[in-house]
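K.L.:
Pasting input_19.pdb here (PDB, C-alpha atoms):
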```pdb
ATOM      1  CA  MET Q   7     122.993 110.421 125.631  1.00  0.00           C
ATOM      2  CA  ARG Q   8     124.754 110.153 122.287  1.00  0.00           C
ATOM      3  CA  LEU Q   9     123.189 111.516 119.117  1.00  0.00           C
ATOM      4  CA  THR Q  10     123.688 108.204 117.352  1.00  0.00           C
ATOM      5  CA  ASP Q  11     121.392 106.584 119.910  1.00  0.00           C
ATOM      6  CA  CYS Q  12     118.487 108.723 118.691  1.00  0.00           C
ATOM      7  CA  LEU Q  13     119.142 108.074 115.002  1.00  0.00           C
ATOM      8  CA  ARG Q  14     119.362 104.716 113.335  1.00  0.00           C
ATOM      9  CA  ASP Q  15     121.154 103.337 110.325  1.00  0.00           C
ATOM     10  CA  PHE Q  16     118.370 101.230 108.807  1.00  0.00           C
ATOM     11  CA  LYS Q  17     119.693  97.852 107.692  1.00  0.00           C
ATOM     12  CA  ARG Q  18     116.552  95.758 107.876  1.00  0.00           C
ATOM     13  CA  VAL Q  19     113.460  95.490 105.736  1.00  0.00           C
ATOM     14  CA  GLY Q  20     110.338  97.203 107.073  1.00  0.00           C
ATOM     15  CA  GLU Q  21     107.252  95.300 108.127  1.00  0.00           C
ATOM     16  CA  LEU Q  22     105.030  97.040 105.555  1.00  0.00           C
ATOM     17  CA  THR Q  23     107.459  96.030 102.809  1.00  0.00           C
ATOM     18  CA  LYS Q  24     107.305  92.402 103.929  1.00  0.00           C
ATOM     19  CA  LYS Q  25     103.507  92.455 103.964  1.00  0.00           C
ATOM     20  CA  TYR Q  26     103.410  93.916 100.457  1.00  0.00           C
ATOM     21  CA  ALA Q  27     105.874  91.294  99.195  1.00  0.00           C
ATOM     22  CA  ASN Q  28     103.754  88.415 100.544  1.00  0.00           C
ATOM     23  CA  LEU Q  29     106.957  86.378 100.557  1.00  0.00           C
ATOM     24  CA  PRO Q  30     108.684  84.390 103.324  1.00  0.00           C
ATOM     25  CA  ASP Q  31     111.265  86.293 105.338  1.00  0.00           C
ATOM     26  CA  SER Q  32     113.856  83.657 104.464  1.00  0.00           C
ATOM     27  CA  TYR Q  33     113.386  84.312 100.734  1.00  0.00           C
ATOM     28  CA  ILE Q  34     113.743  88.091 101.145  1.00  0.00           C
ATOM     29  CA  LYS Q  35     116.867  87.620 103.237  1.00  0.00           C
ATOM     30  CA  ARG Q  36     118.355  85.157 100.743  1.00  0.00           C
ATOM     31  CA  SER Q  37     117.647  87.438  97.774  1.00  0.00           C
ATOM     32  CA  MET Q  38     119.318  90.381  99.534  1.00  0.00           C
ATOM     33  CA  GLU Q  39     122.483  88.528 100.534  1.00  0.00           C
ATOM     34  CA  ARG Q  40     125.688  89.271  98.652  1.00  0.00           C
ATOM     35  CA  VAL Q  41     128.167  86.475  99.413  1.00  0.00           C
ATOM     36  CA  VAL Q  42     131.708  87.286  98.269  1.00  0.00           C
ATOM     37  CA  TRP Q  43     133.613  84.336  99.617  1.00  0.00           C
ATOM     38  CA  LYS Q  44     132.739  81.122 101.402  1.00  0.00           C
ATOM     39  CA  THR Q  45     134.857  78.227 102.591  1.00  0.00           C
ATOM     40  CA  PRO Q  46     134.377  74.864 100.836  1.00  0.00           C
ATOM     41  CA  GLN Q  47     131.716  72.649 102.352  1.00  0.00           C
ATOM     42  CA  ASN Q  48     132.407  69.237 103.891  1.00  0.00           C
ATOM     43  CA  ASN Q  49     136.113  69.942 104.072  1.00  0.00           C
ATOM     44  CA  PRO Q  50     137.620  69.441 107.553  1.00  0.00           C
ATOM     45  CA  ARG Q  51     140.707  71.506 106.678  1.00  0.00           C
ATOM     46  CA  TYR Q  52     138.706  74.759 106.716  1.00  0.00           C
ATOM     47  CA  LEU Q  53     136.655  76.372 109.416  1.00  0.00           C
ATOM     48  CA  PRO Q  54     133.210  77.540 108.232  1.00  0.00           C
ATOM     49  CA  ARG Q  55     133.669  81.169 107.225  1.00  0.00           C
ATOM     50  CA  THR Q  56     131.510  83.422 105.032  1.00  0.00           C
ATOM     51  CA  VAL Q  57     132.253  86.940 103.825  1.00  0.00           C
ATOM     52  CA  LYS Q  58     129.114  88.830 102.857  1.00  0.00           C
ATOM     53  CA  LYS Q  59     127.872  92.384 102.516  1.00  0.00           C
ATOM     54  CA  LYS Q  60     126.662  93.757 105.846  1.00  0.00           C
ATOM     55  CA  LYS Q  61     125.278  97.193 104.966  1.00  0.00           C
ATOM     56  CA  TYR Q  62     122.688  97.826 102.280  1.00  0.00           C
ATOM     57  CA  HIS Q  63     121.592 101.021 100.575  1.00  0.00           C
ATOM     58  CA  PHE Q  64     117.779 101.191 100.405  1.00  0.00           C
ATOM     59  CA  SER Q  65     116.042 103.239  97.738  1.00  0.00           C
ATOM     60  CA  ASP Q  66     112.686 103.154  95.950  1.00  0.00           C
ATOM     61  CA  HIS Q  67     113.446  99.651  94.628  1.00  0.00           C
ATOM     62  CA  ARG Q  68     112.110  96.614  96.458  1.00  0.00           C
ATOM     63  CA  PRO Q  69     114.769  94.547  98.283  1.00  0.00           C
ATOM     64  CA  TRP Q  70     114.026  91.356  96.311  1.00  0.00           C
ATOM     65  CA  THR Q  71     114.324  92.925  92.839  1.00  0.00           C
ATOM     66  CA  MET Q  72     117.229  93.074  90.404  1.00  0.00           C
ATOM     67  CA  PRO Q  73     117.620  96.906  90.522  1.00  0.00           C
ATOM     68  CA  PHE Q  74     118.179  96.640  94.267  1.00  0.00           C
ATOM     69  CA  SER Q  75     120.858  94.000  93.674  1.00  0.00           C
ATOM     70  CA  SER Q  76     122.659  96.171  91.114  1.00  0.00           C
ATOM     71  CA  GLN Q  77     122.703  99.082  93.562  1.00  0.00           C
ATOM     72  CA  ASN Q  78     124.200  96.945  96.341  1.00  0.00           C
ATOM     73  CA  ASN Q  79     127.142  95.240  94.702  1.00  0.00           C
ATOM     74  CA  PHE Q  80     129.967  94.275  97.007  1.00  0.00           C
ATOM     75  CA  GLY Q  81     132.522  97.070  97.159  1.00  0.00           C
ATOM     76  CA  ASP Q  82     130.104  99.887  96.305  1.00  0.00           C
ATOM     77  CA  LEU Q  83     130.317 102.614  98.935  1.00  0.00           C
ATOM     78  CA  GLU Q  84     127.194 104.643  99.597  1.00  0.00           C
ATOM     79  CA  GLN Q  85     126.790 107.555 101.957  1.00  0.00           C
ATOM     80  CA  LYS Q  86     125.464 106.435 105.318  1.00  0.00           C
ATOM     81  CA  VAL Q  87     121.862 107.480 105.909  1.00  0.00           C
ATOM     82  CA  PHE Q  88     120.540 108.100 109.425  1.00  0.00           C
ATOM     83  CA  LEU Q  89     116.801 108.033 109.950  1.00  0.00           C
ATOM     84  CA  GLU Q  90     114.590 109.343 112.664  1.00  0.00           C
ATOM     85  CA  PRO Q  91     112.984 106.401 114.479  1.00  0.00           C
ATOM     86  CA  ILE Q  92     109.204 106.188 114.196  1.00  0.00           C
ATOM     87  CA  LYS Q  93     107.539 104.407 117.085  1.00  0.00           C
ATOM     88  CA  GLU Q  94     104.193 103.821 115.358  1.00  0.00           C
ATOM     89  CA  TRP Q  95     103.795 104.136 111.600  1.00  0.00           C
ATOM     90  CA  SER Q  96     100.671 106.157 110.795  1.00  0.00           C
ATOM     91  CA  ILE Q  97     100.623 106.651 106.981  1.00  0.00           C
ATOM     92  CA  PHE Q  98      99.625 103.775 104.720  1.00  0.00           C
ATOM     93  CA  LYS Q  99      99.035 103.167 101.040  1.00  0.00           C
ATOM     94  CA  GLY Q 100      95.780 104.791  99.908  1.00  0.00           C
ATOM     95  CA  ASP Q 101      95.844 107.627 102.473  1.00  0.00           C
ATOM     96  CA  ARG Q 102      95.182 111.194 101.388  1.00  0.00           C
ATOM     97  CA  VAL Q 103      98.089 113.423 102.425  1.00  0.00           C
ATOM     98  CA  GLU Q 104      99.040 117.073 102.028  1.00  0.00           C
ATOM     99  CA  ILE Q 105     102.506 118.039 100.793  1.00  0.00           C
ATOM    100  CA  LEU Q 106     104.322 120.560 103.000  1.00  0.00           C
ATOM    101  CA  VAL Q 107     107.446 121.313 100.912  1.00  0.00           C
ATOM    102  CA  GLY Q 108     108.523 121.763  97.306  1.00  0.00           C
ATOM    103  CA  PRO Q 109     106.757 123.165  94.245  1.00  0.00           C
ATOM    104  CA  ASP Q 110     103.590 121.154  95.053  1.00  0.00           C
ATOM    105  CA  LYS Q 111     103.312 122.574  98.574  1.00  0.00           C
ATOM    106  CA  GLY Q 112      99.697 122.681  99.725  1.00  0.00           C
ATOM    107  CA  LYS Q 113      98.464 120.111  97.209  1.00  0.00           C
ATOM    108  CA  GLN Q 114      96.822 116.866  98.265  1.00  0.00           C
ATOM    109  CA  GLY Q 115      97.240 113.428  96.777  1.00  0.00           C
ATOM    110  CA  ILE Q 116      96.952 109.700  97.385  1.00  0.00           C
ATOM    111  CA  VAL Q 117      99.885 107.664  98.705  1.00  0.00           C
ATOM    112  CA  GLY Q 118     100.867 105.122  96.057  1.00  0.00           C
ATOM    113  CA  HIS Q 119     103.936 103.513  97.647  1.00  0.00           C
ATOM    114  CA  VAL Q 120     105.361 103.251 101.144  1.00  0.00           C
ATOM    115  CA  ILE Q 121     109.111 102.765 101.617  1.00  0.00           C
ATOM    116  CA  GLN Q 122     109.448 102.149 105.330  1.00  0.00           C
ATOM    117  CA  GLU Q 123     113.201 101.526 105.157  1.00  0.00           C
ATOM    118  CA  ARG Q 124     113.793 105.243 104.442  1.00  0.00           C
ATOM    119  CA  ASN Q 125     110.657 106.760 106.052  1.00  0.00           C
ATOM    120  CA  TRP Q 126     109.431 107.630 102.557  1.00  0.00           C
ATOM    121  CA  VAL Q 127     106.091 107.777 100.821  1.00  0.00           C
ATOM    122  CA  ILE Q 128     105.443 108.385  97.120  1.00  0.00           C
ATOM    123  CA  VAL Q 129     102.359 110.443  96.255  1.00  0.00           C
ATOM    124  CA  ASP Q 130     100.768 109.641  92.907  1.00  0.00           C
ATOM    125  CA  GLY Q 131     101.250 112.444  90.384  1.00  0.00           C
ATOM    126  CA  LEU Q 132     102.905 114.939  92.755  1.00  0.00           C
ATOM    127  CA  ASN Q 133     106.470 116.012  93.591  1.00  0.00           C
ATOM    128  CA  CYS Q 134     107.655 114.923  90.150  1.00  0.00           C
ATOM    129  CA  GLU Q 135     110.794 115.665  88.185  1.00  0.00           C
ATOM    130  CA  ILE Q 136     111.671 115.172  84.534  1.00  0.00           C
ATOM    131  CA  GLU Q 137     114.334 112.589  83.799  1.00  0.00           C
ATOM    132  CA  GLU Q 138     115.877 111.377  80.575  1.00  0.00           C
ATOM    133  CA  VAL Q 139     115.682 107.678  79.898  1.00  0.00           C
ATOM    134  CA  SER Q 140     118.969 106.163  78.741  1.00  0.00           C
ATOM    135  CA  HIS Q 141     118.941 105.654  74.994  1.00  0.00           C
ATOM    136  CA  TYR Q 142     120.839 103.372  72.645  1.00  0.00           C
ATOM    137  CA  LYS Q 143     122.969 104.341  69.711  1.00  0.00           C
ATOM    138  CA  GLY Q 144     120.865 105.364  66.756  1.00  0.00           C
ATOM    139  CA  HIS Q 145     117.674 105.865  68.808  1.00  0.00           C
ATOM    140  CA  LEU Q 146     116.208 109.044  70.210  1.00  0.00           C
ATOM    141  CA  SER Q 147     116.129 109.476  73.970  1.00  0.00           C
ATOM    142  CA  MET Q 148     112.867 109.725  75.895  1.00  0.00           C
ATOM    143  CA  VAL Q 149     111.799 112.005  78.709  1.00  0.00           C
ATOM    144  CA  GLN Q 150     109.451 110.897  81.474  1.00  0.00           C
ATOM    145  CA  MET Q 151     108.077 112.179  84.761  1.00  0.00           C
ATOM    146  CA  LYS Q 152     109.302 110.494  87.923  1.00  0.00           C
ATOM    147  CA  GLU Q 153     107.710 110.865  91.344  1.00  0.00           C
ATOM    148  CA  ASN Q 154     110.223 111.633  94.075  1.00  0.00           C
ATOM    149  CA  PRO Q 155     109.746 110.264  97.600  1.00  0.00           C
ATOM    150  CA  LEU Q 156     108.780 112.439 100.558  1.00  0.00           C
ATOM    151  CA  LEU Q 157     109.649 112.082 104.248  1.00  0.00           C
ATOM    152  CA  VAL Q 158     106.695 111.172 106.427  1.00  0.00           C
ATOM    153  CA  THR Q 159     108.182 113.003 109.417  1.00  0.00           C
ATOM    154  CA  SER Q 160     108.405 116.513 107.974  1.00  0.00           C
ATOM    155  CA  GLU Q 161     107.312 116.700 104.327  1.00  0.00           C
ATOM    156  CA  VAL Q 162     103.762 115.307 104.358  1.00  0.00           C
ATOM    157  CA  SER Q 163     100.815 115.366 106.741  1.00  0.00           C
ATOM    158  CA  LEU Q 164      97.736 113.183 106.875  1.00  0.00           C
ATOM    159  CA  VAL Q 165      94.450 114.804 105.769  1.00  0.00           C
ATOM    160  CA  ASP Q 166      91.530 114.896 108.192  1.00  0.00           C
ATOM    161  CA  PRO Q 167      88.460 113.529 106.309  1.00  0.00           C
ATOM    162  CA  SER Q 168      86.100 115.771 108.292  1.00  0.00           C
ATOM    163  CA  ASP Q 169      87.440 119.099 106.915  1.00  0.00           C
ATOM    164  CA  LEU Q 170      90.005 117.942 104.282  1.00  0.00           C
ATOM    165  CA  GLN Q 171      92.845 119.784 106.005  1.00  0.00           C
ATOM    166  CA  GLY Q 172      96.248 118.504 107.082  1.00  0.00           C
ATOM    167  CA  CYS Q 173      96.537 117.344 110.670  1.00  0.00           C
ATOM    168  CA  SER Q 174      98.696 115.384 113.062  1.00  0.00           C
ATOM    169  CA  VAL Q 175      97.465 112.002 114.249  1.00  0.00           C
ATOM    170  CA  GLU Q 176      97.908 109.726 117.194  1.00  0.00           C
ATOM    171  CA  TRP Q 177      96.930 106.150 117.941  1.00  0.00           C
ATOM    172  CA  ARG Q 178      94.179 105.516 120.474  1.00  0.00           C
ATOM    173  CA  PHE Q 179      92.006 102.633 121.621  1.00  0.00           C
ATOM    174  CA  THR Q 180      88.224 102.591 121.304  1.00  0.00           C
ATOM    175  CA  GLU Q 181      85.830 101.265 123.917  1.00  0.00           C
ATOM    176  CA  SER Q 182      85.756  97.926 122.101  1.00  0.00           C
ATOM    177  CA  GLY Q 183      89.573  97.688 122.234  1.00  0.00           C
ATOM    178  CA  ASP Q 184      90.293  98.497 118.575  1.00  0.00           C
ATOM    179  CA  LYS Q 185      93.402 100.550 117.806  1.00  0.00           C
ATOM    180  CA  VAL Q 186      92.546 103.493 115.526  1.00  0.00           C
ATOM    181  CA  ARG Q 187      94.101 106.683 114.190  1.00  0.00           C
ATOM    182  CA  VAL Q 188      92.623 109.888 115.586  1.00  0.00           C
ATOM    183  CA  SER Q 189      93.096 113.477 114.416  1.00  0.00           C
ATOM    184  CA  THR Q 190      94.517 115.588 117.240  1.00  0.00           C
ATOM    185  CA  ARG Q 191      92.665 118.690 115.998  1.00  0.00           C
ATOM    186  CA  SER Q 192      89.127 117.409 115.460  1.00  0.00           C
ATOM    187  CA  GLY Q 193      89.199 114.116 117.368  1.00  0.00           C
ATOM    188  CA  LYS Q 194      87.737 112.252 114.369  1.00  0.00           C
ATOM    189  CA  ILE Q 195      88.771 108.695 113.590  1.00  0.00           C
ATOM    190  CA  ILE Q 196      90.770 108.321 110.359  1.00  0.00           C
ATOM    191  CA  PRO Q 197      90.153 104.784 109.057  1.00  0.00           C
ATOM    192  CA  ILE Q 198      92.926 102.800 107.399  1.00  0.00           C
ATOM    193  CA  PRO Q 199      92.193 102.495 103.649  1.00  0.00           C
ATOM    194  CA  SER Q 200      91.565  99.149 102.004  1.00  0.00           C
ATOM    195  CA  LEU Q 201      94.591  99.670  99.720  1.00  0.00           C
ATOM    196  CA  ALA Q 202      96.814  99.193 102.766  1.00  0.00           C
ATOM    197  CA  LYS Q 203      96.057  95.450 102.574  1.00  0.00           C
ATOM    198  CA  GLN Q 204      97.134  95.240  98.933  1.00  0.00           C
ATOM    199  CA  THR Q 205     100.098  92.990  98.226  1.00  0.00           C
ATOM    200  CA  TYR Q 206     102.080  91.991  95.170  1.00  0.00           C
ATOM    201  CA  ASP Q 207      99.708  89.041  94.604  1.00  0.00           C
ATOM    202  CA  TYR Q 208      96.231  90.479  95.239  1.00  0.00           C
ATOM    203  CA  LYS Q 209      94.267  93.685  95.794  1.00  0.00           C
ATOM    204  CA  THR Q 210      92.470  92.424  98.900  1.00  0.00           C
ATOM    205  CA  PRO Q 211      92.698  89.088 100.740  1.00  0.00           C
ATOM    206  CA  ASN Q 212      89.036  88.295  99.929  1.00  0.00           C
ATOM    207  CA  THR Q 213      89.545  88.598  96.163  1.00  0.00           C
ATOM    208  CA  TYR Q 214      92.572  86.298  96.005  1.00  0.00           C
ATOM    209  CA  LYS Q 215      92.072  83.160  93.916  1.00  0.00           C
ATOM    210  CA  GLU Q 216      93.971  80.031  94.812  1.00  0.00           C
ATOM    211  CA  SER Q 217      96.279  78.475  92.240  1.00  0.00           C
ATOM    212  CA  GLU Q 218      97.461  74.900  91.823  1.00  0.00           C
ATOM    213  CA  LYS Q 219     100.584  75.348  93.943  1.00  0.00           C
ATOM    214  CA  ASP Q 220      98.802  77.022  96.866  1.00  0.00           C
ATOM    215  CA  THR Q 221      98.008  75.115 100.017  1.00  0.00           C
ATOM    216  CA  THR Q 222      94.234  74.856 100.244  1.00  0.00           C
ATOM    217  CA  GLU Q 223      92.223  75.762 103.315  1.00  0.00           C
ATOM    218  CA  ASP Q 224      91.021  72.179 103.735  1.00  0.00           C
ATOM    219  CA  ASP Q 225      94.610  70.908 103.872  1.00  0.00           C
ATOM    220  CA  ILE Q 226      95.455  73.423 106.571  1.00  0.00           C
ATOM    221  CA  LYS Q 227      92.489  72.435 108.727  1.00  0.00           C
ATOM    222  CA  LYS Q 228      93.073  68.720 108.254  1.00  0.00           C
ATOM    223  CA  ILE Q 229      94.281  67.028 111.456  1.00  0.00           C
ATOM    224  CA  THR Q 230      97.249  64.814 110.653  1.00  0.00           C
ATOM    225  CA  PHE Q 231      98.585  64.198 114.135  1.00  0.00           C
ATOM    226  CA  SER Q 232      96.889  63.261 117.390  1.00  0.00           C
ATOM    227  CA  PRO Q 233      99.132  62.968 120.460  1.00  0.00           C
ATOM    228  CA  ILE Q 234      98.941  59.707 122.409  1.00  0.00           C
ATOM    229  CA  LEU Q 235     100.811  58.394 125.435  1.00  0.00           C
ATOM    230  CA  LYS Q 236     102.851  55.782 123.572  1.00  0.00           C
ATOM    231  CA  THR Q 237     106.469  55.416 122.598  1.00  0.00           C
ATOM    232  CA  PHE Q 238     107.591  55.173 118.994  1.00  0.00           C
ATOM    233  CA  GLU Q 239     108.098  51.417 119.324  1.00  0.00           C
ATOM    234  CA  MET Q 240     104.620  50.950 120.761  1.00  0.00           C
ATOM    235  CA  GLU Q 241     103.055  52.896 117.855  1.00  0.00           C
ATOM    236  CA  VAL Q 242     104.912  50.744 115.308  1.00  0.00           C
ATOM    237  CA  MET Q 243     103.755  47.578 117.024  1.00  0.00           C
ATOM    238  CA  ASP Q 244     100.130  48.761 116.989  1.00  0.00           C
ATOM    239  CA  GLU Q 245     100.286  49.678 113.301  1.00  0.00           C
ATOM    240  CA  MET Q 246     101.754  46.255 112.382  1.00  0.00           C
ATOM    241  CA  ASP Q 247      99.509  44.272 114.779  1.00  0.00           C
ATOM    242  CA  ILE Q 248     102.448  42.949 116.742  1.00  0.00           C
ATOM    243  CA  LYS Q 249     101.717  41.708 120.237  1.00  0.00           C
ATOM    244  CA  GLU Q 250     104.367  41.203 122.839  1.00  0.00           C
ATOM    245  CA  ASP Q 251     103.840  37.809 124.524  1.00  0.00           C
ATOM    246  CA  ARG Q 252     107.220  37.513 126.132  1.00  0.00           C
ATOM    247  CA  ILE Q 253     107.453  37.921 129.875  1.00  0.00           C
ATOM    248  CA  PRO Q 254     110.466  39.919 130.979  1.00  0.00           C
ATOM    249  CA  ALA Q 255     112.747  38.154 133.416  1.00  0.00           C
ATOM    250  CA  PRO Q 256     112.856  39.626 136.909  1.00  0.00           C
ATOM    251  CA  THR Q 257     115.780  41.919 137.607  1.00  0.00           C
ATOM    252  CA  TYR Q 258     117.233  42.839 140.966  1.00  0.00           C
ATOM    253  CA  TRP Q 259     119.550  45.584 141.986  1.00  0.00           C
ATOM    254  CA  TYR Q 260     120.496  46.771 145.412  1.00  0.00           C
TER     255      TYR Q 260
END
```
What does the file become when written as structure tokens?

P.N.:
Amino acid sequence: MRLTDCLRDFKRVGELTKKYANLPDSYIKRSMERVVWKTPQNNPRYLPRTVKKKKYHFSDHRPWTMPFSSQNNFGDLEQKVFLEPIKEWSIFKGDRVEILVGPDKGKQGIVGHVIQERNWVIVDGLNCEIEEVSHYKGHLSMVQMKENPLLVTSEVSLVDPSDLQGCSVEWRFTESGDKVRVSTRSGKIIPIPSLAKQTYDYKTPNTYKESEKDTTEDDIKKITFSPILKTFEMEVMDEMDIKEDRIPAPTYWY
């Protein structure tokens, strides 16, 4: 078995990122695309051909934002990143985790962001570094603290709520059929926090308020089509009160 079969070069957007975006997949794909050249449309002299960027470099920026676009210009070469495949993602936004490496080793914090494309999580207020903000001519520069991402596979561990100690988890099914996270040390269930359902538009689905451009619940439940055993011509005739009085002539074929 080749080593490259165990590792993966992540080119697609993670499911947790899509849920946080609360945007259609087609919009995310269209905002990520970098088309360099395309044949003219409706011109029979050219075959349909499109040259676009195939590999993207994922970082802490969301794929549909402008910083992500500036980092993935066509022609920019980034070092290829191989990631360890995770069968079942077990750390979500709002979880309490313990840091296993770095100057904040042993400290616990709350997960503020999940970057599934790189197997990263960002813990609020921990694993920070000082960076200088770019300044303009004639203005003083500023210094701010930036939180660096951590690998979920080796640099953080989920905290068991029963004893507030780091532990490994696995997914199991309850007697009622619900899929839950369970600590392998204590056997206690670790519930998924409510912040995991937070998206770019709302904190929780129950607190979301509909706007004018949203499709209302009544419109979704409204029945606009009922199947009937009629052809299209027969439906038009019924709608326009047209009755067919002509008798078709007999036809014979042998």

K.L.:
Which residues fall under the PyMOL selection byres ((chain Q and resi 132-141) around 12) in this file, as an mmCIF file with C-alpha atoms, in the coordinates of the input?

P.N.:
```cif
data_model
loop_
_atom_site.group_PDB
_atom_site.id
_atom_site.type_symbol
_atom_site.label_atom_id
_atom_site.label_comp_id
_atom_site.auth_asym_id
_atom_site.auth_seq_id
_atom_site.Cartn_x
_atom_site.Cartn_y
_atom_site.Cartn_z
ATOM 1 C CA VAL Q 103 98.089 113.423 102.425
ATOM 2 C CA GLU Q 104 99.040 117.073 102.028
ATOM 3 C CA ILE Q 105 102.506 118.039 100.793
ATOM 4 C CA LEU Q 106 104.322 120.560 103.000
ATOM 5 C CA VAL Q 107 107.446 121.313 100.912
ATOM 6 C CA GLY Q 108 108.523 121.763 97.306
ATOM 7 C CA PRO Q 109 106.757 123.165 94.245
ATOM 8 C CA ASP Q 110 103.590 121.154 95.053
ATOM 9 C CA LYS Q 111 103.312 122.574 98.574
ATOM 10 C CA GLY Q 112 99.697 122.681 99.725
ATOM 11 C CA LYS Q 113 98.464 120.111 97.209
ATOM 12 C CA GLN Q 114 96.822 116.866 98.265
ATOM 13 C CA GLY Q 115 97.240 113.428 96.777
ATOM 14 C CA ILE Q 116 96.952 109.700 97.385
ATOM 15 C CA VAL Q 117 99.885 107.664 98.705
ATOM 16 C CA GLY Q 118 100.867 105.122 96.057
ATOM 17 C CA VAL Q 127 106.091 107.777 100.821
ATOM 18 C CA ILE Q 128 105.443 108.385 97.120
ATOM 19 C CA VAL Q 129 102.359 110.443 96.255
ATOM 20 C CA ASP Q 130 100.768 109.641 92.907
ATOM 21 C CA GLY Q 131 101.250 112.444 90.384
ATOM 22 C CA TYR Q 142 120.839 103.372 72.645
ATOM 23 C CA LYS Q 143 122.969 104.341 69.711
ATOM 24 C CA GLY Q 144 120.865 105.364 66.756
ATOM 25 C CA HIS Q 145 117.674 105.865 68.808
ATOM 26 C CA LEU Q 146 116.208 109.044 70.210
ATOM 27 C CA SER Q 147 116.129 109.476 73.970
ATOM 28 C CA MET Q 148 112.867 109.725 75.895
ATOM 29 C CA VAL Q 149 111.799 112.005 78.709
ATOM 30 C CA GLN Q 150 109.451 110.897 81.474
ATOM 31 C CA MET Q 151 108.077 112.179 84.761
ATOM 32 C CA LYS Q 152 109.302 110.494 87.923
ATOM 33 C CA GLU Q 153 107.710 110.865 91.344
ATOM 34 C CA ASN Q 154 110.223 111.633 94.075
ATOM 35 C CA PRO Q 155 109.746 110.264 97.600
ATOM 36 C CA LEU Q 156 108.780 112.439 100.558
ATOM 37 C CA LEU Q 157 109.649 112.082 104.248
ATOM 38 C CA GLU Q 161 107.312 116.700 104.327
ATOM 39 C CA VAL Q 162 103.762 115.307 104.358
#
```

K.L.:
Atom CA of Q:Gln204 and atom CA of Q:Asp224, how far apart in Å?

P.N.:
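Answer for the atom CA of Q:Asp224 to atom CA of Q:Gln204 separation: 24.3 Å.
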
K.L.:
Could you check which of Q:Ile97, Q:Ile92, Q:Val120, Q:Met243 is closest to Q:Val175, using only C-alpha atoms?

P.N.:
Q:Ile97

K.L.:
Could you write out as JSON the box around stretch 251-258 of chain Q (axis-aligned, all atoms listed in the file, 4 Å on each side), with centre and edge lengths in Å to one decimal?

P.N.:
```
{"center_x": 110.5, "center_y": 40.2, "center_z": 132.7, "size_x": 21.4, "size_y": 13.3, "size_z": 24.4}
```

K.L.:
Excluding Q:Glu250 and residues on its chain fewer than 6 positions from it, collect all residues at most 12 Å away from it, counting only C-alpha atoms, and give them as number ranges by chain.

P.N.:
Q: 239-240, 243-244

K.L.:
Just stretch 176-188 of chain Q, please, as a PDB file, in the first residue's frame (only N, CA and C atoms).

P.N.:
```pdb
ATOM      1  N   GLU Q 176     -14.894   8.198  21.383  1.00  0.00           N
ATOM      2  CA  GLU Q 176     -15.349   7.367  20.275  1.00  0.00           C
ATOM      3  C   GLU Q 176     -16.856   7.507  20.163  1.00  0.00           C
ATOM      4  N   TRP Q 177     -17.351   7.247  18.956  1.00  0.00           N
ATOM      5  CA  TRP Q 177     -18.784   7.376  18.694  1.00  0.00           C
ATOM      6  C   TRP Q 177     -19.471   6.041  18.963  1.00  0.00           C
ATOM      7  N   ARG Q 178     -20.583   6.114  19.685  1.00  0.00           N
ATOM      8  CA  ARG Q 178     -21.380   4.932  19.987  1.00  0.00           C
ATOM      9  C   ARG Q 178     -22.854   5.260  19.796  1.00  0.00           C
ATOM     10  N   PHE Q 179     -23.663   4.203  19.816  1.00  0.00           N
ATOM     11  CA  PHE Q 179     -25.110   4.352  19.684  1.00  0.00           C
ATOM     12  C   PHE Q 179     -25.775   3.996  21.009  1.00  0.00           C
ATOM     13  N   THR Q 180     -26.754   4.797  21.407  1.00  0.00           N
ATOM     14  CA  THR Q 180     -27.513   4.517  22.617  1.00  0.00           C
ATOM     15  C   THR Q 180     -28.611   3.497  22.326  1.00  0.00           C
ATOM     16  N   GLU Q 181     -29.333   3.131  23.369  1.00  0.00           N
ATOM     17  CA  GLU Q 181     -30.416   2.161  23.196  1.00  0.00           C
ATOM     18  C   GLU Q 181     -31.531   2.717  22.316  1.00  0.00           C
ATOM     19  N   SER Q 182     -31.695   4.038  22.339  1.00  0.00           N
ATOM     20  CA  SER Q 182     -32.730   4.655  21.500  1.00  0.00           C
ATOM     21  C   SER Q 182     -32.277   4.883  20.061  1.00  0.00           C
ATOM     22  N   GLY Q 183     -31.001   4.577  19.755  1.00  0.00           N
ATOM     23  CA  GLY Q 183     -30.492   4.731  18.398  1.00  0.00           C
ATOM     24  C   GLY Q 183     -29.783   6.032  18.132  1.00  0.00           C
ATOM     25  N   ASP Q 184     -29.592   6.876  19.149  1.00  0.00           N
ATOM     26  CA  ASP Q 184     -28.900   8.153  18.963  1.00  0.00           C
ATOM     27  C   ASP Q 184     -27.394   7.932  18.957  1.00  0.00           C
ATOM     28  N   LYS Q 185     -26.707   8.666  18.076  1.00  0.00           N
ATOM     29  CA  LYS Q 185     -25.252   8.582  17.971  1.00  0.00           C
ATOM     30  C   LYS Q 185     -24.639   9.641  18.868  1.00  0.00           C
ATOM     31  N   VAL Q 186     -23.803   9.222  19.832  1.00  0.00           N
ATOM     32  CA  VAL Q 186     -23.250  10.132  20.832  1.00  0.00           C
ATOM     33  C   VAL Q 186     -21.743   9.904  20.943  1.00  0.00           C
ATOM     34  N   ARG Q 187     -21.075  10.915  21.528  1.00  0.00           N
ATOM     35  CA  ARG Q 187     -19.654  10.803  21.832  1.00  0.00           C
ATOM     36  C   ARG Q 187     -19.490  10.283  23.255  1.00  0.00           C
ATOM     37  N   VAL Q 188     -18.575   9.320  23.411  1.00  0.00           N
ATOM     38  CA  VAL Q 188     -18.372   8.686  24.709  1.00  0.00           C
ATOM     39  C   VAL Q 188     -16.894   8.723  25.046  1.00  0.00           C
TER      40      VAL Q 188
END
```
